Each structure stands twice: as structure tokens, then as C-alpha cells.
file upload.pdb (PDB, C-alpha atoms)
ATOM      1  CA  MET A   1     -10.259   7.543 -17.135
ATOM      2  CA  ILE A   2     -11.009   8.813 -13.684
ATOM      3  CA  TYR A   3      -8.680   6.300 -11.974
ATOM      4  CA  SER A   4      -5.839   7.625 -14.149
ATOM      5  CA  ASP A   5      -6.508  11.205 -13.057
ATOM      6  CA  ILE A   6      -6.765  10.471  -9.347
ATOM      7  CA  ALA A   7      -3.717   8.195  -9.423
ATOM      8  CA  LEU A   8      -1.660  10.981 -10.989
ATOM      9  CA  ASP A   9      -2.963  13.445  -8.406
ATOM     10  CA  ALA A  10      -2.081  11.007  -5.619
ATOM     11  CA  VAL A  11       1.547  10.851  -6.781
ATOM     12  CA  LEU A  12       1.665  14.632  -7.025
ATOM     13  CA  ILE A  13       0.231  15.056  -3.529
ATOM     14  CA  ALA A  14       2.632  12.477  -2.080
ATOM     15  CA  VAL A  15       5.636  14.234  -3.669
ATOM     16  CA  ILE A  16       4.475  17.658  -2.452
ATOM     17  CA  PHE A  17       4.048  16.292   1.070
ATOM     18  CA  ASP A  18       7.441  14.615   0.905
ATOM     19  CA  LEU A  19       9.383  17.617  -0.395
ATOM     20  CA  PHE A  20       7.596  20.658   0.964
ATOM     21  CA  ILE A  21       5.231  19.826   3.835
ATOM     22  CA  LEU A  22       6.794  16.946   5.778
ATOM     23  CA  ARG A  23      10.235  17.696   4.331
ATOM     24  CA  SER A  24      11.305  14.066   4.498
ATOM     25  CA  GLN A  25      13.025  14.396   1.082
ATOM     26  CA  MET A  26      12.377  10.697   0.399
ATOM     27  CA  VAL A  27      12.520  11.063  -3.381
ATOM     28  CA  THR A  28      16.087  12.387  -3.100
ATOM     29  CA  ARG A  29      17.286   9.497  -0.939
ATOM     30  CA  GLY A  30      18.819   6.236  -2.144
ATOM     31  CA  LEU A  31      17.304   4.287   0.735
ATOM     32  CA  PHE A  32      13.795   5.171  -0.421
ATOM     33  CA  TRP A  33      14.436   4.068  -4.001
ATOM     34  CA  LEU A  34      16.082   0.863  -2.814
ATOM     35  CA  SER A  35      13.017   0.129  -0.663
ATOM     36  CA  TYR A  36      10.672   0.919  -3.533
ATOM     37  CA  GLY A  37      12.695  -1.269  -5.878
ATOM     38  CA  LEU A  38      12.337  -4.193  -3.501
ATOM     39  CA  ILE A  39       8.613  -3.672  -2.886
ATOM     40  CA  LEU A  40       7.669  -3.135  -6.559
ATOM     41  CA  PRO A  41       8.114  -6.772  -7.685
ATOM     42  CA  PHE A  42       5.899  -7.845  -4.803
ATOM     43  CA  GLN A  43       3.278  -5.329  -5.864
ATOM     44  CA  LEU A  44       3.375  -6.739  -9.391
ATOM     45  CA  LEU A  45       3.057 -10.258  -7.978
ATOM     46  CA  THR A  46       0.006  -9.432  -5.868
ATOM     47  CA  ASN A  47      -1.503  -7.350  -8.695
ATOM     48  CA  TRP A  48      -1.176 -10.329 -10.955
ATOM     49  CA  TRP A  49      -2.894 -12.575  -8.396
ATOM     50  CA  LEU A  50      -5.744 -10.162  -7.725
ATOM     51  CA  THR A  51      -6.479  -9.387 -11.376
ATOM     52  CA  SER A  52      -5.795 -12.688 -13.137
ATOM     53  CA  LYS A  53      -8.194 -14.458 -10.778
ATOM     54  CA  LEU A  54     -10.689 -11.613 -11.328
ATOM     55  CA  ILE A  55     -10.820 -10.896  -7.597
ATOM     56  CA  VAL A  56     -10.645  -7.189  -8.438
ATOM     57  CA  MET A  57     -12.039  -5.868 -11.725
ATOM     58  CA  TYR A  58     -11.966  -2.435 -13.325
ATOM     59  CA  THR A  59     -14.549  -0.596 -15.365
ATOM     60  CA  PRO A  60     -12.826  -0.045 -18.744
ATOM     61  CA  ALA A  61     -13.985   3.577 -18.890
ATOM     62  CA  SER A  62     -12.154   4.441 -15.658
ATOM     63  CA  ILE A  63      -8.672   3.424 -16.918
ATOM     64  CA  ILE A  64      -6.519   4.145 -19.980
ATOM     65  CA  GLY A  65      -6.429   0.416 -20.686
ATOM     66  CA  ARG A  66      -2.715  -0.326 -20.640
ATOM     67  CA  ARG A  67      -1.937  -3.142 -18.213
ATOM     68  CA  LEU A  68       1.127  -4.483 -16.447
ATOM     69  CA  ALA A  69       1.127  -7.857 -14.686
ATOM     70  CA  GLY A  70      -2.627  -7.980 -15.225
ATOM     71  CA  ALA A  71      -3.401  -4.731 -13.420
ATOM     72  CA  PRO A  72      -4.066  -1.302 -14.917
ATOM     73  CA  ILE A  73      -0.858   0.703 -15.304
ATOM     74  CA  GLU A  74      -2.479   3.264 -12.972
ATOM     75  CA  ASP A  75      -1.888   0.820 -10.120
ATOM     76  CA  LEU A  76       1.819   1.648 -10.292
ATOM     77  CA  LEU A  77       0.999   5.274  -9.527
ATOM     78  CA  PHE A  78      -1.343   4.304  -6.700
ATOM     79  CA  GLY A  79       1.284   1.974  -5.194
ATOM     80  CA  PHE A  80       4.068   4.511  -5.526
ATOM     81  CA  SER A  81       1.996   7.230  -3.874
ATOM     82  CA  MET A  82       1.100   5.021  -0.925
ATOM     83  CA  ILE A  83       4.657   3.784  -0.369
ATOM     84  CA  LEU A  84       6.059   7.318  -0.624
ATOM     85  CA  LEU A  85       3.450   8.822   1.677
ATOM     86  CA  THR A  86       3.813   5.993   4.209
ATOM     87  CA  LEU A  87       7.589   6.347   4.454
ATOM     88  CA  SER A  88       7.378  10.123   4.368
ATOM     89  CA  LEU A  89       4.947  10.165   7.316
ATOM     90  CA  TRP A  90       6.979   7.546   9.158
ATOM     91  CA  ASP A  91      10.130   9.622   8.763
ATOM     92  CA  TYR A  92       8.368  12.812   9.816
ATOM     93  CA  PHE A  93       6.827  11.374  12.983
ATOM     94  CA  SER A  94      10.022   9.472  13.854
ATOM     95  CA  ASN A  95      12.040  12.669  13.765
ATOM     96  CA  ARG A  96       9.451  14.504  15.822
ATOM     97  CA  ALA A  97       9.435  11.755  18.436
ATOM     98  CA  GLN A  98      13.226  11.858  18.561
ATOM     99  CA  SER A  99      13.516  15.568  19.270
TER     100      SER A  99
ATOM    101  CA  MET B   1     -16.315 -14.662 -11.547
ATOM    102  CA  GLY B   2     -15.127 -17.657  -9.545
ATOM    103  CA  GLU B   3     -17.500 -20.390  -8.549
ATOM    104  CA  ASP B   4     -18.862 -19.989  -5.057
ATOM    105  CA  TRP B   5     -16.788 -22.555  -3.195
ATOM    106  CA  PRO B   6     -16.090 -21.735   0.465
ATOM    107  CA  MET B   7     -12.291 -21.717   0.006
ATOM    108  CA  ASN B   8     -12.549 -19.150  -2.790
ATOM    109  CA  HIS B   9     -13.634 -16.545  -0.264
ATOM    110  CA  LEU B  10     -10.065 -16.586   1.074
ATOM    111  CA  HIS B  11      -8.467 -15.536  -2.225
ATOM    112  CA  TYR B  12      -8.088 -11.865  -1.319
ATOM    113  CA  ILE B  13      -7.440 -12.238   2.418
ATOM    114  CA  GLY B  14      -4.822 -14.896   1.596
ATOM    115  CA  VAL B  15      -2.749 -12.321  -0.290
ATOM    116  CA  LEU B  16      -2.868 -10.012   2.717
ATOM    117  CA  LEU B  17      -1.756 -12.842   4.969
ATOM    118  CA  PHE B  18       1.235 -13.386   2.669
ATOM    119  CA  ILE B  19       2.190  -9.694   2.668
ATOM    120  CA  GLY B  20       1.696  -9.421   6.435
ATOM    121  CA  LEU B  21       3.777 -12.522   7.164
ATOM    122  CA  CYS B  22       6.576 -11.101   4.985
ATOM    123  CA  GLY B  23       6.465  -7.957   7.132
ATOM    124  CA  VAL B  24       6.483  -9.881  10.415
ATOM    125  CA  GLY B  25       9.334 -12.070   9.165
ATOM    126  CA  VAL B  26      11.415  -9.037   8.144
ATOM    127  CA  ASN B  27      10.794  -7.344  11.507
ATOM    128  CA  VAL B  28      11.784 -10.385  13.533
ATOM    129  CA  PHE B  29      14.754 -11.434  11.392
ATOM    130  CA  PHE B  30      16.316  -7.969  11.085
ATOM    131  CA  LYS B  31      15.210  -6.722  14.526
ATOM    132  CA  THR B  32      13.895  -3.499  13.016
ATOM    133  CA  GLY B  33      12.422  -2.146  16.266
ATOM    134  CA  LEU B  34       9.126  -1.410  14.527
ATOM    135  CA  ALA B  35       7.083  -3.016  17.320
ATOM    136  CA  ARG B  36       8.773  -0.765  19.871
ATOM    137  CA  ARG B  37       7.749   2.276  17.822
ATOM    138  CA  TRP B  38       4.140   1.161  17.312
ATOM    139  CA  ARG B  39       2.792   4.611  18.211
ATOM    140  CA  ILE B  40       4.636   6.196  15.305
ATOM    141  CA  PHE B  41       3.322   3.509  13.007
ATOM    142  CA  LEU B  42      -0.204   3.989  14.363
ATOM    143  CA  ILE B  43      -0.342   7.715  13.597
ATOM    144  CA  THR B  44       1.276   7.144  10.194
ATOM    145  CA  ASP B  45      -1.222   4.464   9.281
ATOM    146  CA  LEU B  46      -4.256   6.359  10.574
ATOM    147  CA  LEU B  47      -3.475   9.108   8.074
ATOM    148  CA  ILE B  48      -2.917   6.593   5.271
ATOM    149  CA  LEU B  49      -6.188   4.871   6.191
ATOM    150  CA  ALA B  50      -8.123   8.133   6.172
ATOM    151  CA  LEU B  51      -6.828   9.167   2.765
ATOM    152  CA  TYR B  52      -6.943   5.854   0.943
ATOM    153  CA  THR B  53     -10.247   4.556   2.321
ATOM    154  CA  ALA B  54     -11.804   7.848   1.218
ATOM    155  CA  TRP B  55     -10.461   7.305  -2.296
ATOM    156  CA  ASP B  56     -11.441   3.625  -2.214
ATOM    157  CA  SER B  57     -15.006   4.209  -1.055
ATOM    158  CA  TRP B  58     -15.530   6.849  -3.719
ATOM    159  CA  ALA B  59     -14.051   4.612  -6.434
ATOM    160  CA  ILE B  60     -16.246   1.694  -5.329
ATOM    161  CA  TYR B  61     -19.291   3.969  -5.284
ATOM    162  CA  LYS B  62     -18.440   5.159  -8.813
ATOM    163  CA  ARG B  63     -17.630   1.560  -9.762
ATOM    164  CA  ASN B  64     -14.110   2.417 -10.993
ATOM    165  CA  TRP B  65     -13.309  -0.998  -9.572
ATOM    166  CA  TYR B  66     -15.334  -3.795  -8.018
ATOM    167  CA  PHE B  67     -14.835  -7.149  -6.353
ATOM    168  CA  ASP B  68     -15.928 -10.712  -7.039
ATOM    169  CA  PRO B  69     -18.263 -11.475  -4.109
ATOM    170  CA  ALA B  70     -17.284 -15.156  -4.325
ATOM    171  CA  GLN B  71     -13.597 -14.382  -3.623
ATOM    172  CA  ILE B  72     -13.830 -12.016  -0.649
ATOM    173  CA  LEU B  73     -15.026 -12.689   2.886
ATOM    174  CA  GLY B  74     -18.100 -10.550   2.298
ATOM    175  CA  ALA B  75     -17.773  -8.400   5.425
ATOM    176  CA  LYS B  76     -18.231  -4.736   4.526
ATOM    177  CA  VAL B  77     -16.902  -1.875   6.586
ATOM    178  CA  LEU B  78     -18.148   1.701   6.391
ATOM    179  CA  PHE B  79     -19.024   3.015   2.929
ATOM    180  CA  SER B  80     -19.391  -0.604   1.680
ATOM    181  CA  ILE B  81     -15.639  -1.182   1.516
ATOM    182  CA  PRO B  82     -14.705  -4.887   1.742
ATOM    183  CA  ILE B  83     -12.849  -5.608   4.998
ATOM    184  CA  GLU B  84      -9.898  -6.807   2.880
ATOM    185  CA  GLU B  85      -9.394  -3.301   1.490
ATOM    186  CA  ILE B  86      -9.177  -1.798   4.976
ATOM    187  CA  LEU B  87      -6.707  -4.489   6.023
ATOM    188  CA  PHE B  88      -4.715  -3.800   2.830
ATOM    189  CA  PHE B  89      -4.170  -0.202   3.972
ATOM    190  CA  ILE B  90      -2.802  -1.518   7.277
ATOM    191  CA  VAL B  91      -0.785  -4.536   6.162
ATOM    192  CA  VAL B  92       0.943  -2.930   3.152
ATOM    193  CA  PRO B  93       2.196   0.168   5.050
ATOM    194  CA  PHE B  94       3.367  -2.154   7.849
ATOM    195  CA  THR B  95       5.438  -4.282   5.487
ATOM    196  CA  THR B  96       6.625  -1.148   3.666
ATOM    197  CA  VAL B  97       8.038   0.372   6.860
ATOM    198  CA  ALA B  98       9.522  -3.000   7.855
ATOM    199  CA  THR B  99      11.297  -3.234   4.499
ATOM    200  CA  TYR B 100      12.599   0.318   4.806
ATOM    201  CA  LEU B 101      13.927  -0.212   8.338
ATOM    202  CA  ALA B 102      15.534  -3.534   7.432
ATOM    203  CA  LEU B 103      17.278  -2.054   4.383
ATOM    204  CA  LYS B 104      18.397   0.925   6.463
ATOM    205  CA  LYS B 105      20.024  -1.449   8.915
ATOM    206  CA  LEU B 106      21.414  -3.728   6.233
ATOM    207  CA  THR B 107      23.015  -0.987   4.137
ATOM    208  CA  GLY B 108      24.105   1.205   7.037
ATOM    209  CA  TRP B 109      22.884   4.244   5.063
ATOM    210  CA  GLU B 110      21.468   7.297   6.828
ATOM    211  CA  ARG B 111      22.493   6.277  10.320
ATOM    212  CA  ASP B 112      21.689   9.803  11.443
ATOM    213  CA  ARG B 113      17.990   9.303  10.661
ATOM    214  CA  LYS B 114      15.528   7.225  12.637
TER     215      LYS B 114
END
call {"tool": "encode", "arguments": {"input": "upload.pdb", "output": "C-alpha cells"}}
result
Amino acid sequence: MIYSDIALDAVLIAVIFDLFILRSQMVTRGLFWLSYGLILPFQLLTNWWLTSKLIVMYTPASIIGRRLAGAPIEDLLFGFSMILLTLSLWDYFSNRAQS
Amino acid sequence: MGEDWPMNHLHYIGVLLFIGLCGVGVNVFFKTGLARRWRIFLITDLLILALYTAWDSWAIYKRNWYFDPAQILGAKVLFSIPIEEILFFIVVPFTTVATYLALKKLTGWERDRK
């Protein structure tokens, strides 16, 4: 279940960057959660496309086996980490460029 | 595995085209100013690319996940990552930032932040 482990770590790293290193505080802001809420259905849609057509496949031993919209549940963690880190970095560099 | 028809090779890249066009549409329609701030996006995405291609290449090497050769273009970038995966780490952050900026404008929240 190596994908599960790394996906969890990725979320943890993204949150640590957001709260303590870049200090963008995304996870405390409504705008972030609204953005995530809008992007999530699209992630599920593309996950469904990529997995139901067997474009991307997973080795059973690397995942816990629970699936959502065709994709391993771990994909939610991966997606969340990337969206959080992207917006966190964007916010950080935007503020730096501003000052 | 899909049968090896030429059109099938567009199955993954087609998804990226859809996501990318959503992002472009959002940017144009809501005048997000993302294009004007391309340097900020560039540095943001370079870091995302570095982190997630490292993870991806390792996972492909360990065969945590793998791709149907009949449904991708077949071009491989460094560490045998399909070109679609690299583009994914560019297109998805782009549309993510576009969505964020559009919602920021639409809701009027956090006017004090860029």
C-alpha cells in the first residue's frame, strides 16, 4: 500500500508548507475550500474516464483497494495535496511580487 | 487494454485538452489576469513539476501505476514518464489557479490578497 503511504505524506507536507513554511493559511480560508469544492467533481470525472477506460491502472498491492469514481481512494489525497500546494505557492509568490 | 486504433492514443491527452480548455475559458471569461502574472505561475508550476514528476517517476518505476500503451501518445520524457503526465502537472495547476482567481473575483472575498 505504498501509494496510500505517499499520498498521506503528500497531504501532510502540503499542509505543513501551507501553514508553517509559506504561511498562506489556505486551509483556514473559505476561498480555498470553495475552489477545492468546485475542482473536486472535475477530478472525479477525469478519474472515472482514466480508470474506467483502463488508461491508467494500479497494482493492487500498492493501494488499499477502496475506490471512488473508478480510481483508488488515494487519488483524493494526491489531488488535494497538489491543489493545496499549487494555491499555497501561488499565494506565496504573489504576495512576494506585490511587496 | 484498448485495441490499438490510432484514435485511442488520444484518450489521455484528450482529457488534458478538456481540462486546459476549461482553464483558458475561465481565464478569458472572468478576466483573471493570470496571463499577466505568468512569471508567478511559472515558478509555482516549476516547483509542482519537480515534486510530482519525482513521485510519478518513482511510482512508475515501482509499478504502483502503469499506462495502457495503446491509449497514450507513446512519447516518454525523462525517467520514462509519459508526456501526458508531465502535461498533467502543468495543465491541472493552471486550471486550479484560474478557478481560484475567478472565484476570488466572483465572490469578492479576500480583496486584500492577490
call {"tool": "residues_near_point", "arguments": {"input": "upload.pdb", "point": "(-16.1, -20.8, 0.6)", "cutoff": "12 Å", "atoms": "all atoms listed in the file", "output": "MDAnalysis selection string"}}
result
chainID B and resid 2:11 69:74
call {"tool": "atom_distance", "arguments": {"input": "upload.pdb", "atom1": "atom CA of A:Ile39", "atom2": "atom CA of A:Phe78"}}
result
13.3 Å
call {"tool": "resolve_selection", "arguments": {"input": "upload.pdb", "expression": "the PyMOL selection byres ((chain A) within 9 of (chain B))", "output": "PDB file with C-alpha atoms, in the coordinates of the input"}}
result
ATOM      1  CA  MET A   1     -10.259   7.543 -17.135  1.00  0.00           C
ATOM      2  CA  ILE A   2     -11.009   8.813 -13.684  1.00  0.00           C
ATOM      3  CA  TYR A   3      -8.680   6.300 -11.974  1.00  0.00           C
ATOM      4  CA  ILE A   6      -6.765  10.471  -9.347  1.00  0.00           C
ATOM      5  CA  GLY A  30      18.819   6.236  -2.144  1.00  0.00           C
ATOM      6  CA  LEU A  31      17.304   4.287   0.735  1.00  0.00           C
ATOM      7  CA  PHE A  32      13.795   5.171  -0.421  1.00  0.00           C
ATOM      8  CA  LEU A  34      16.082   0.863  -2.814  1.00  0.00           C
ATOM      9  CA  SER A  35      13.017   0.129  -0.663  1.00  0.00           C
ATOM     10  CA  TYR A  36      10.672   0.919  -3.533  1.00  0.00           C
ATOM     11  CA  LEU A  38      12.337  -4.193  -3.501  1.00  0.00           C
ATOM     12  CA  ILE A  39       8.613  -3.672  -2.886  1.00  0.00           C
ATOM     13  CA  PHE A  42       5.899  -7.845  -4.803  1.00  0.00           C
ATOM     14  CA  THR A  46       0.006  -9.432  -5.868  1.00  0.00           C
ATOM     15  CA  TRP A  49      -2.894 -12.575  -8.396  1.00  0.00           C
ATOM     16  CA  LEU A  50      -5.744 -10.162  -7.725  1.00  0.00           C
ATOM     17  CA  LYS A  53      -8.194 -14.458 -10.778  1.00  0.00           C
ATOM     18  CA  LEU A  54     -10.689 -11.613 -11.328  1.00  0.00           C
ATOM     19  CA  ILE A  55     -10.820 -10.896  -7.597  1.00  0.00           C
ATOM     20  CA  VAL A  56     -10.645  -7.189  -8.438  1.00  0.00           C
ATOM     21  CA  MET A  57     -12.039  -5.868 -11.725  1.00  0.00           C
ATOM     22  CA  TYR A  58     -11.966  -2.435 -13.325  1.00  0.00           C
ATOM     23  CA  THR A  59     -14.549  -0.596 -15.365  1.00  0.00           C
ATOM     24  CA  PRO A  60     -12.826  -0.045 -18.744  1.00  0.00           C
ATOM     25  CA  ALA A  61     -13.985   3.577 -18.890  1.00  0.00           C
ATOM     26  CA  SER A  62     -12.154   4.441 -15.658  1.00  0.00           C
ATOM     27  CA  ILE A  63      -8.672   3.424 -16.918  1.00  0.00           C
ATOM     28  CA  MET A  82       1.100   5.021  -0.925  1.00  0.00           C
ATOM     29  CA  ILE A  83       4.657   3.784  -0.369  1.00  0.00           C
ATOM     30  CA  LEU A  85       3.450   8.822   1.677  1.00  0.00           C
ATOM     31  CA  THR A  86       3.813   5.993   4.209  1.00  0.00           C
ATOM     32  CA  LEU A  87       7.589   6.347   4.454  1.00  0.00           C
ATOM     33  CA  SER A  88       7.378  10.123   4.368  1.00  0.00           C
ATOM     34  CA  LEU A  89       4.947  10.165   7.316  1.00  0.00           C
ATOM     35  CA  TRP A  90       6.979   7.546   9.158  1.00  0.00           C
ATOM     36  CA  ASP A  91      10.130   9.622   8.763  1.00  0.00           C
ATOM     37  CA  PHE A  93       6.827  11.374  12.983  1.00  0.00           C
ATOM     38  CA  SER A  94      10.022   9.472  13.854  1.00  0.00           C
ATOM     39  CA  ASN A  95      12.040  12.669  13.765  1.00  0.00           C
ATOM     40  CA  ALA A  97       9.435  11.755  18.436  1.00  0.00           C
ATOM     41  CA  GLN A  98      13.226  11.858  18.561  1.00  0.00           C
TER      42      GLN A  98
END
call {"tool": "axis_aligned_box", "arguments": {"input": "upload.pdb", "around": "stretch 27-30 of chain B", "padding_each_side": "8 Å", "output": "lines of an AutoDock Vina configuration file"}}
result
center_x = 13.6
center_y = -9.4
center_z = 12.3
size_x = 21.5
size_y = 20.1
size_z = 18.4
call {"tool": "closest_residue", "arguments": {"input": "upload.pdb", "among": "A:Ile13, A:Asn47, A:Gly37, A:Arg29", "to": "A:Glu74", "atoms": "only C-alpha atoms"}}
result
A:Asn47
